[in-house]
$ cat query10.tsv   # TSV, C-alpha atoms
chain	number	residue	atom	x	y	z
A	1	MET	CA	-42.99	-1.67	-29.52
A	2	SER	CA	-43.01	-5.34	-30.39
A	3	PHE	CA	-39.40	-5.08	-31.59
A	4	VAL	CA	-38.35	-3.45	-28.33
A	5	CYS	CA	-40.09	-6.15	-26.33
A	6	MET	CA	-38.48	-8.92	-28.33
A	7	ALA	CA	-35.02	-7.40	-28.00
A	8	ALA	CA	-35.51	-6.98	-24.27
A	9	LEU	CA	-36.67	-10.56	-23.81
A	10	LEU	CA	-33.78	-12.03	-25.78
A	11	TYR	CA	-31.13	-9.95	-24.10
A	12	ALA	CA	-32.51	-10.45	-20.61
A	13	ASP	CA	-32.54	-14.19	-21.21
A	14	LYS	CA	-28.89	-14.03	-22.21
A	15	LEU	CA	-27.98	-12.06	-19.11
A	16	CYS	CA	-29.75	-14.54	-16.86
A	17	ALA	CA	-27.50	-17.31	-18.13
A	18	VAL	CA	-24.24	-15.51	-17.42
A	19	ASN	CA	-23.21	-13.38	-14.45
A	20	PRO	CA	-21.25	-10.48	-15.99
A	21	VAL	CA	-19.90	-9.03	-12.78
A	22	ARG	CA	-16.37	-10.47	-12.58
A	23	ILE	CA	-14.01	-12.17	-15.04
A	24	ASP	CA	-10.26	-12.63	-14.96
A	25	THR	CA	-8.01	-10.13	-16.74
A	26	ALA	CA	-6.68	-12.56	-19.34
A	27	ARG	CA	-10.18	-13.49	-20.47
A	28	THR	CA	-11.16	-9.83	-20.47
A	29	ARG	CA	-8.73	-9.11	-23.31
A	30	LEU	CA	-10.36	-11.79	-25.43
A	31	VAL	CA	-14.08	-11.26	-24.88
A	32	ILE	CA	-14.65	-7.63	-23.89
A	33	PRO	CA	-15.49	-5.27	-26.78
A	34	ARG	CA	-13.67	-1.96	-26.99
A	35	PRO	CA	-16.76	0.11	-25.99
A	36	ALA	CA	-16.53	-1.46	-22.54
A	37	LEU	CA	-13.36	0.54	-22.01
A	38	GLU	CA	-14.77	3.88	-23.19
A	39	SER	CA	-15.94	6.67	-20.87
A	40	LEU	CA	-19.62	7.17	-20.05
A	41	PRO	CA	-21.58	10.34	-19.28
A	42	THR	CA	-23.49	11.06	-16.10
A	43	PRO	CA	-26.27	10.18	-15.74
A	44	LEU	CA	-25.73	7.15	-17.93
A	45	THR	CA	-29.34	6.68	-19.04
A	46	LYS	CA	-32.01	8.95	-17.64
A	47	SER	CA	-34.99	9.89	-19.72
A	48	PRO	CA	-36.27	13.44	-19.12
A	49	THR	CA	-39.83	12.16	-19.44
A	50	ASP	CA	-41.95	10.07	-17.10
A	51	PRO	CA	-42.25	6.29	-17.50
A	52	ILE	CA	-45.47	5.20	-19.17
A	53	ASP	CA	-45.28	1.41	-19.00
A	54	THR	CA	-43.33	-1.51	-17.57
A	55	LEU	CA	-42.85	-4.74	-19.52
A	56	ASP	CA	-42.03	-8.16	-18.15
A	57	THR	CA	-39.17	-10.29	-19.48
A	58	VAL	CA	-38.38	-13.99	-19.19
A	59	ASN	CA	-36.88	-13.21	-15.79
A	60	GLU	CA	-39.48	-11.93	-13.35
A	61	HIS	CA	-36.90	-9.68	-11.69
A	62	ILE	CA	-35.82	-7.92	-14.90
A	63	LYS	CA	-38.21	-5.36	-16.38
A	64	VAL	CA	-38.21	-3.01	-19.35
A	65	ILE	CA	-39.32	0.55	-18.57
A	66	LEU	CA	-40.83	2.55	-21.45
A	67	TYR	CA	-40.77	6.35	-21.38
A	68	ALA	CA	-43.01	8.94	-23.03
A	69	ASP	CA	-40.20	10.05	-25.38
A	70	ASN	CA	-40.05	6.52	-26.90
A	71	THR	CA	-36.86	5.58	-25.05
A	72	TRP	CA	-36.50	2.56	-22.79
A	73	GLN	CA	-34.12	0.90	-20.37
A	74	TYR	CA	-33.79	-2.25	-18.30
A	75	TYR	CA	-34.61	-2.33	-14.61
A	76	LYS	CA	-33.29	-5.00	-12.26
A	77	THR	CA	-35.27	-5.44	-9.04
A	78	PRO	CA	-33.41	-5.40	-5.72
A	79	GLU	CA	-34.50	-8.98	-5.02
A	80	TYR	CA	-32.59	-10.14	-8.11
A	81	GLN	CA	-29.35	-8.49	-6.99
A	82	LYS	CA	-29.59	-9.45	-3.33
A	83	VAL	CA	-29.24	-13.18	-4.09
A	84	THR	CA	-25.54	-12.77	-4.97
A	85	GLY	CA	-24.46	-13.15	-1.33
A	86	VAL	CA	-22.35	-10.01	-1.45
A	87	PHE	CA	-24.91	-8.31	0.81
A	88	ASP	CA	-24.69	-11.00	3.49
A	89	GLU	CA	-20.98	-11.66	3.99
A	90	ASN	CA	-18.89	-9.22	6.07
A	91	TRP	CA	-21.96	-7.09	6.63
A	92	THR	CA	-22.09	-4.70	9.59
A	93	GLU	CA	-23.31	-1.16	10.19
A	94	ASN	CA	-20.80	-0.35	12.92
A	95	VAL	CA	-17.37	-0.26	11.26
A	96	THR	CA	-16.06	1.15	8.00
A	97	ASN	CA	-13.97	-1.94	7.23
A	98	PRO	CA	-15.77	-5.20	8.12
A	99	TYR	CA	-13.39	-7.36	6.08
A	100	SER	CA	-10.53	-9.53	7.34
A	101	VAL	CA	-8.75	-9.90	4.00
A	102	LYS	CA	-4.96	-9.73	3.78
A	103	GLN	CA	-3.67	-7.65	0.92
A	104	GLU	CA	-1.01	-10.21	0.05
A	105	ASP	CA	-3.74	-12.80	-0.52
A	106	LEU	CA	-5.35	-10.74	-3.29
A	107	PRO	CA	-4.50	-11.33	-6.98
A	108	SER	CA	-2.28	-8.77	-8.70
A	109	SER	CA	-5.24	-7.59	-10.79
A	110	TRP	CA	-8.79	-8.53	-11.70
A	111	SER	CA	-11.63	-7.10	-13.76
A	112	ILE	CA	-14.86	-5.66	-12.36
A	113	TRP	CA	-17.96	-4.67	-14.28
A	114	LEU	CA	-19.04	-1.21	-13.14
A	115	VAL	CA	-22.13	-0.96	-15.36
A	116	ASP	CA	-23.87	-3.11	-17.94
A	117	SER	CA	-27.23	-2.98	-19.70
A	118	LEU	CA	-28.98	-3.41	-16.34
A	119	ASP	CA	-26.81	-1.38	-13.99
A	120	GLN	CA	-26.50	2.40	-14.22
A	121	TYR	CA	-24.19	5.19	-13.05
A	122	HIS	CA	-24.41	8.73	-11.72
A	123	CYS	CA	-21.54	10.94	-10.57
A	124	PRO	CA	-21.91	11.58	-6.81
A	125	PHE	CA	-21.15	15.27	-7.36
A	126	ILE	CA	-19.52	17.03	-10.31
A	127	GLY	CA	-16.74	19.47	-9.45
A	128	ASP	CA	-13.01	20.09	-9.22
A	129	ILE	CA	-11.18	18.12	-6.56
A	130	HIS	CA	-9.66	20.40	-3.93
A	131	PRO	CA	-5.86	20.71	-4.44
A	132	ARG	CA	-5.30	19.39	-0.92
A	133	GLY	CA	-8.15	16.90	-1.17
A	134	LYS	CA	-6.60	14.26	-3.41
A	135	PHE	CA	-6.02	10.60	-2.60
A	136	GLY	CA	-2.70	10.10	-0.78
A	137	PRO	CA	-0.82	10.89	2.43
A	138	ARG	CA	-1.84	14.16	4.12
A	139	ARG	CA	-0.43	15.59	7.33
A	140	GLY	CA	0.78	12.19	8.46
A	141	ARG	CA	-2.57	10.50	7.78
A	142	ARG	CA	-3.96	8.36	4.97
A	143	HIS	CA	-6.39	10.43	2.95
A	144	GLN	CA	-8.26	7.57	1.33
A	145	GLY	CA	-10.62	9.47	-0.94
A	146	VAL	CA	-11.12	12.76	-2.74
A	147	ASP	CA	-12.63	16.03	-1.49
A	148	ILE	CA	-14.99	17.92	-3.81
A	149	PRO	CA	-16.11	21.40	-2.66
A	150	LEU	CA	-19.87	22.03	-2.69
A	151	LYS	CA	-22.48	24.18	-0.96
A	152	THR	CA	-24.29	23.02	2.13
A	153	GLY	CA	-27.55	21.49	0.96
A	154	ASP	CA	-26.32	20.45	-2.50
A	155	PRO	CA	-27.68	17.00	-3.48
A	156	VAL	CA	-25.30	14.03	-3.31
A	157	TYR	CA	-26.14	11.08	-5.54
A	158	ALA	CA	-25.68	7.32	-5.27
A	159	THR	CA	-22.95	6.44	-7.77
A	160	PHE	CA	-24.16	2.91	-8.51
A	161	THR	CA	-27.15	0.83	-7.46
A	162	GLY	CA	-26.68	-0.97	-4.16
A	163	LYS	CA	-27.63	-1.47	-0.52
A	164	VAL	CA	-26.85	0.93	2.32
A	165	ARG	CA	-24.44	-0.70	4.79
A	166	MET	CA	-23.78	2.33	7.03
A	167	SER	CA	-25.74	5.53	7.65
A	168	LYS	CA	-24.69	7.31	10.81
A	169	TYR	CA	-22.56	10.03	12.34
A	170	PHE	CA	-19.13	8.41	12.48
A	171	GLY	CA	-16.17	10.28	14.00
A	172	GLY	CA	-14.14	12.41	11.58
A	173	PHE	CA	-16.39	11.37	8.69
A	174	GLY	CA	-19.30	13.23	10.23
A	175	ASN	CA	-22.56	12.13	8.62
A	176	LEU	CA	-21.46	9.09	6.64
A	177	ILE	CA	-23.21	6.83	4.16
A	178	VAL	CA	-21.60	3.63	2.87
A	179	ILE	CA	-23.22	1.76	-0.02
A	180	ARG	CA	-22.20	-1.73	-1.09
A	181	HIS	CA	-22.70	-2.63	-4.74
A	182	GLU	CA	-23.35	-5.95	-6.44
A	183	ASN	CA	-19.81	-6.12	-7.87
A	184	GLY	CA	-18.33	-5.92	-4.35
A	185	LEU	CA	-17.28	-2.27	-4.47
A	186	GLU	CA	-18.24	0.06	-1.65
A	187	THR	CA	-18.66	3.82	-2.01
A	188	PHE	CA	-18.34	6.27	0.90
A	189	TYR	CA	-20.07	9.67	1.16
A	190	ALA	CA	-18.92	11.77	4.13
A	191	HIS	CA	-19.36	15.19	5.84
A	192	LEU	CA	-23.02	15.32	4.81
A	193	SER	CA	-25.41	17.81	6.41
A	194	LYS	CA	-28.30	15.37	6.03
A	195	ARG	CA	-28.69	11.63	5.39
A	196	ASN	CA	-31.77	10.58	3.39
A	197	VAL	CA	-31.27	6.80	3.66
A	198	GLU	CA	-31.01	4.22	6.42
A	199	VAL	CA	-29.13	0.95	6.81
A	200	GLY	CA	-30.66	-1.75	4.64
A	201	ASP	CA	-32.24	0.66	2.16
A	202	TRP	CA	-31.90	-0.24	-1.51
A	203	VAL	CA	-30.83	2.73	-3.66
A	204	ASN	CA	-30.55	3.19	-7.40
A	205	ALA	CA	-27.81	5.06	-9.20
A	206	GLY	CA	-28.83	8.71	-9.26
A	207	ASP	CA	-30.94	8.65	-6.09
A	208	VAL	CA	-30.31	11.63	-3.81
A	209	ILE	CA	-28.97	9.88	-0.71
A	210	GLY	CA	-28.04	13.00	1.23
A	211	LEU	CA	-27.13	16.67	1.22
A	212	GLY	CA	-23.65	18.17	1.20
A	213	GLY	CA	-22.26	19.73	4.33
A	214	SER	CA	-19.29	20.10	6.67
A	215	SER	CA	-19.98	17.67	9.51
A	216	GLY	CA	-17.17	15.82	11.29
A	217	ARG	CA	-13.51	16.78	10.84
A	218	SER	CA	-14.02	19.34	8.09
A	219	THR	CA	-12.90	22.93	7.50
A	220	GLY	CA	-15.67	23.77	5.02
A	221	PRO	CA	-18.51	22.26	2.99
A	222	HIS	CA	-17.30	19.46	0.74
A	223	LEU	CA	-18.02	15.86	-0.20
A	224	HIS	CA	-15.42	13.33	0.89
A	225	PHE	CA	-15.88	10.39	-1.49
A	226	GLU	CA	-14.13	7.02	-1.28
A	227	THR	CA	-14.09	3.79	-3.27
A	228	ARG	CA	-13.06	0.58	-1.52
A	229	TYR	CA	-12.83	-3.10	-2.41
A	230	ASN	CA	-12.51	-5.79	0.25
A	231	GLY	CA	-11.92	-2.94	2.68
A	232	PHE	CA	-8.99	-1.47	0.74
A	233	ALA	CA	-9.30	2.10	-0.55
A	234	PHE	CA	-8.06	3.23	-3.95
A	235	ASP	CA	-8.15	6.59	-5.73
A	236	PRO	CA	-11.73	7.15	-6.99
A	237	GLN	CA	-10.24	9.00	-9.95
A	238	TRP	CA	-9.38	5.63	-11.45
A	239	LEU	CA	-13.15	5.29	-11.93
A	240	ILE	CA	-14.51	8.81	-12.33
A	241	ASP	CA	-13.48	12.08	-13.97
A	242	PHE	CA	-15.10	14.34	-11.38
A	243	LYS	CA	-14.58	17.50	-13.45
A	244	THR	CA	-16.85	16.18	-16.23
A	245	GLY	CA	-18.76	13.58	-14.22
A	246	GLU	CA	-17.83	10.82	-16.68
A	247	LEU	CA	-17.30	7.21	-15.67
A	248	ARG	CA	-13.99	6.29	-17.27
A	249	HIS	CA	-14.87	2.66	-18.10
A	250	ARG	CA	-17.74	0.21	-18.07
A	251	LEU	CA	-15.21	-2.44	-17.12
A	252	PHE	CA	-12.50	-1.58	-14.60
A	253	VAL	CA	-9.23	-3.48	-14.24
A	254	LEU	CA	-8.41	-3.07	-10.56
A	255	LYS	CA	-4.76	-3.63	-9.66
A	256	LYS	CA	-3.55	-4.46	-6.18
A	257	LYS	CA	-0.92	-1.74	-6.39
A	258	TYR	CA	-3.72	0.87	-6.48
A	259	PHE	CA	-4.32	0.15	-2.77
A	260	ASN	CA	-0.96	1.77	-1.99
A	261	ILE	CA	-1.60	5.19	-0.48
A	262	TYR	CA	1.00	6.63	-2.87
A	263	SER	CA	-0.81	5.25	-5.93
A	264	ASN	CA	-2.49	8.43	-7.14
A	265	TYR	CA	-4.35	8.44	-10.48
A	266	GLU	CA	-2.92	11.75	-11.66
A	267	GLN	CA	0.63	10.65	-10.90
A	268	ASP	CA	0.36	7.07	-12.13
A	269	PHE	CA	-1.76	7.43	-15.28
A	270	GLU	CA	1.14	8.27	-17.60
A	271	ASP	CA	3.12	5.34	-16.19
A	272	GLU	CA	0.09	3.09	-16.70
A	273	MET	CA	-0.21	4.17	-20.35
A	274	LYS	CA	3.53	3.68	-20.89
A	275	ASN	CA	3.36	0.21	-19.35
A	276	HIS	CA	0.32	-0.60	-21.52
A	277	GLU	CA	2.19	0.45	-24.67
A	278	GLU	CA	5.25	-1.56	-23.63
A	279	ASP	CA	3.06	-4.61	-22.94
A	280	GLU	CA	1.46	-4.30	-26.39
A	281	ALA	CA	4.89	-4.00	-28.02
A	282	GLU	CA	6.11	-7.04	-26.08
A	283	ASP	CA	3.03	-9.05	-27.08
A	284	ALA	CA	3.58	-8.10	-30.72
A	285	GLU	CA	7.21	-9.15	-30.49
A	286	LYS	CA	6.29	-12.50	-28.93
A	287	ALA	CA	3.68	-13.09	-31.64
A	288	ALA	CA	6.34	-12.50	-34.30
A	289	MET	CA	8.86	-14.91	-32.74
A	290	LYS	CA	9.73	-18.02	-34.72
A	291	TYR	CA	11.77	-21.04	-33.62
A	292	TYR	CA	13.51	-23.88	-35.42
A	293	THR	CA	14.47	-27.32	-34.11
A	294	ILE	CA	17.99	-28.34	-35.19
A	295	ARG	CA	18.28	-31.47	-37.30
A	296	SER	CA	21.16	-33.66	-38.41
A	297	GLY	CA	23.39	-31.84	-40.91
A	298	ASP	CA	22.16	-28.32	-40.08
A	299	THR	CA	24.55	-25.38	-39.99
A	300	LEU	CA	23.95	-21.82	-38.89
A	301	GLY	CA	24.48	-20.68	-42.47
A	302	ARG	CA	21.85	-23.06	-43.88
A	303	ILE	CA	19.37	-22.21	-41.12
A	304	ALA	CA	19.90	-18.50	-41.77
A	305	ILE	CA	19.31	-18.82	-45.52
A	306	ASN	CA	16.20	-20.99	-45.10
A	307	ASN	CA	14.67	-18.48	-42.68
A	308	GLY	CA	15.62	-15.26	-44.43
A	309	THR	CA	18.05	-14.03	-41.80
A	310	THR	CA	21.81	-13.93	-41.09
A	311	VAL	CA	24.21	-15.93	-38.95
A	312	LYS	CA	25.00	-12.75	-37.02
A	313	GLU	CA	21.31	-12.26	-36.19
A	314	LEU	CA	20.91	-15.91	-35.16
A	315	CYS	CA	23.84	-15.53	-32.79
A	316	ARG	CA	22.36	-12.34	-31.30
A	317	LEU	CA	18.92	-13.87	-30.77
A	318	ASN	CA	20.25	-17.02	-29.11
A	319	GLY	CA	23.36	-15.79	-27.29
A	320	ILE	CA	25.69	-18.07	-29.24
A	321	THR	CA	28.72	-17.67	-31.52
A	322	PRO	CA	29.35	-18.92	-35.10
A	323	THR	CA	31.45	-21.75	-33.62
A	324	THR	CA	28.85	-22.98	-31.13
A	325	THR	CA	28.12	-26.71	-31.53
A	326	LEU	CA	24.58	-27.26	-32.78
A	327	ARG	CA	23.00	-30.12	-30.88
A	328	ILE	CA	20.27	-32.07	-32.62
A	329	GLY	CA	16.87	-31.38	-31.08
A	330	ARG	CA	17.78	-27.93	-29.72
A	331	ARG	CA	15.29	-25.15	-30.48
A	332	ILE	CA	16.75	-21.85	-31.56
A	333	ARG	CA	15.03	-18.60	-32.30
A	334	VAL	CA	15.22	-17.57	-35.96
A	335	ARG	CA	13.02	-14.46	-35.82

$ encode --input "query10.tsv" --output "C-alpha cells"
Amino acid sequence: MSFVCMAALLYADKLCAVNPVRIDTARTRLVIPRPALESLPTPLTKSPTDPIDTLDTVNEHIKVILYADNTWQYYKTPEYQKVTGVFDENWTENVTNPYSVKQEDLPSSWSIWLVDSLDQYHCPFIGDIHPRGKFGPRRGRRHQGVDIPLKTGDPVYATFTGKVRMSKYFGGFGNLIVIRHENGLETFYAHLSKRNVEVGDWVNAGDVIGLGGSSGRSTGPHLHFETRYNGFAFDPQWLIDFKTGELRHRLFVLKKKYFNIYSNYEQDFEDEMKNHEEDEAEDAEKAAMKYYTIRSGDTLGRIAINNGTTVKELCRLNGITPTTTLRIGRRIRVR
C-alpha cells in the first residue's frame, strides 16, 4: 500500500503543475505517447468491488480511492475542476448554444484531452446507430448527432465528468440534458423519458443521468446524442465507437472541418487515414531533403559527383537545365 500511496502522491504532484487539457497539434506530435491515441473500453476504470479507503495526496482536491479487490484509481473533486472558468463563461440553462463564436475565428485544428489519469469515460449507451440516425443532413434539417435505439427506461450514462448546464423539456429534443466538461466539450442527451439530474449538478462519468425514452420529436424510443465544442456540433463517432462502446482516443485532434454537416465519420475516415499517410510520406521526404550552396568554381557535374547523384536529377529537383548559370550563393537541392 505504501508503494501505491507514493506513486499517487508523485503523480498527483506532477499533474498539479501542468494542466493537461489542451495543447496545440504540433506539440502533440512531439510529447504525446502512442497509447494516448489508442482506443479505450467502457467503463474505463470501474472496480466491481466497493471502495474501502480514500487516501489524500499533495493536492487536497485529488484523492486515491482503494477498492476491496486491491485496485485503485484517482478521484478529482468537483471543486478542483470548477476553478478552470469553463463553467462560468457562456453559461445559461435556457439555450442549447450560448456561445457567440464565429467558425472562421477558430483554428484549423487543436488537440483536446478526453481522459487522463484523473478523468474517466463511460459510453452513454452501447448499440448500433440507426441507419437514418447518423450525423448529417436529414429531410432538409441538420441532424447534429446520432440516434441509438433503446428501450424506454434503459439507463443513459454521463460520458465524461462534468456539470449539468441544461436539464429540461426543450422542443424537439424532448427531455434534454446538456453536460459541459472541463475540456470545453458539451454532450447532449435527448428524448429521455426521465431526467435524474438538475442544472448545476456535478456528475461523474458513468453516473445514470436519465432513462431512455421517446419524448419530443421522436418516432420511437432512442437516445439522440450530440457532441459540441464552442457551440458547434460534430459527429460523435469521431470520439466513440457506439457498437463496442469504446472511446477511440484519450487525446482527440478536433478539426474545424468536422463542424461541416457533411463531415460524417464513416464517410471521412478513409480520407483522413489517406491524408495521414500522405502527410507522413511528405514529412519523411522533407526530412531526407539536402541542399547545397553554390561556391566559386562549382559545376553541376562536380556537385552531382560530390553528392552521389546525377546532373539529370539535379535539374529535375531544381527545375533547371544543364546550361543554367550557377550563381554563387544560390542554394540548390541535391537530394

$ atom_distance --input "query10.tsv" --atom1 "CA of Tyr262 (chain A)" --atom2 "CA of Arg142 (chain A)"
9.4 Å

$ closest_residue --input "query10.tsv" --among "A:Thr54, A:Gln144, A:Ser100, A:Thr309" --to "Pro236 (chain A)" --atoms "only C-alpha atoms"
A:Gln144

$ atom_distance --input "query10.tsv" --atom1 "CA of Cys315 (chain A)" --atom2 "CA of Ile328 (chain A)"
16.9 Å

$ atom_distance --input "query10.tsv" --atom1 "CA of Trp113 (chain A)" --atom2 "CA of Arg248 (chain A)"
12.0 Å

$ closest_residue --input "query10.tsv" --among "A:Phe170, A:Tyr258, A:Phe242, A:Tyr157" --to "Val208 (chain A)" --atoms "only C-alpha atoms"
A:Tyr157

$ closest_residue --input "query10.tsv" --among "A:Ala158, A:Leu239, A:Val64, A:Ala205" --to "Pro51 (chain A)" --atoms "only C-alpha atoms"
A:Val64

$ closest_residue --input "query10.tsv" --among "A:Gly136, A:Tyr67, A:Gly162, A:Val178" --to "Asn94 (chain A)" --atoms "only C-alpha atoms"
A:Val178

$ closest_residue --input "query10.tsv" --among "A:Gly231, A:Pro124, A:Gly319, A:Gly308" --to "Tyr99 (chain A)" --atoms "only C-alpha atoms"
A:Gly231

$ closest_residue --input "query10.tsv" --among "A:Leu254, A:Val146, A:Ala287, A:Ile305" --to "Arg132 (chain A)" --atoms "all atoms listed in the file"
A:Val146
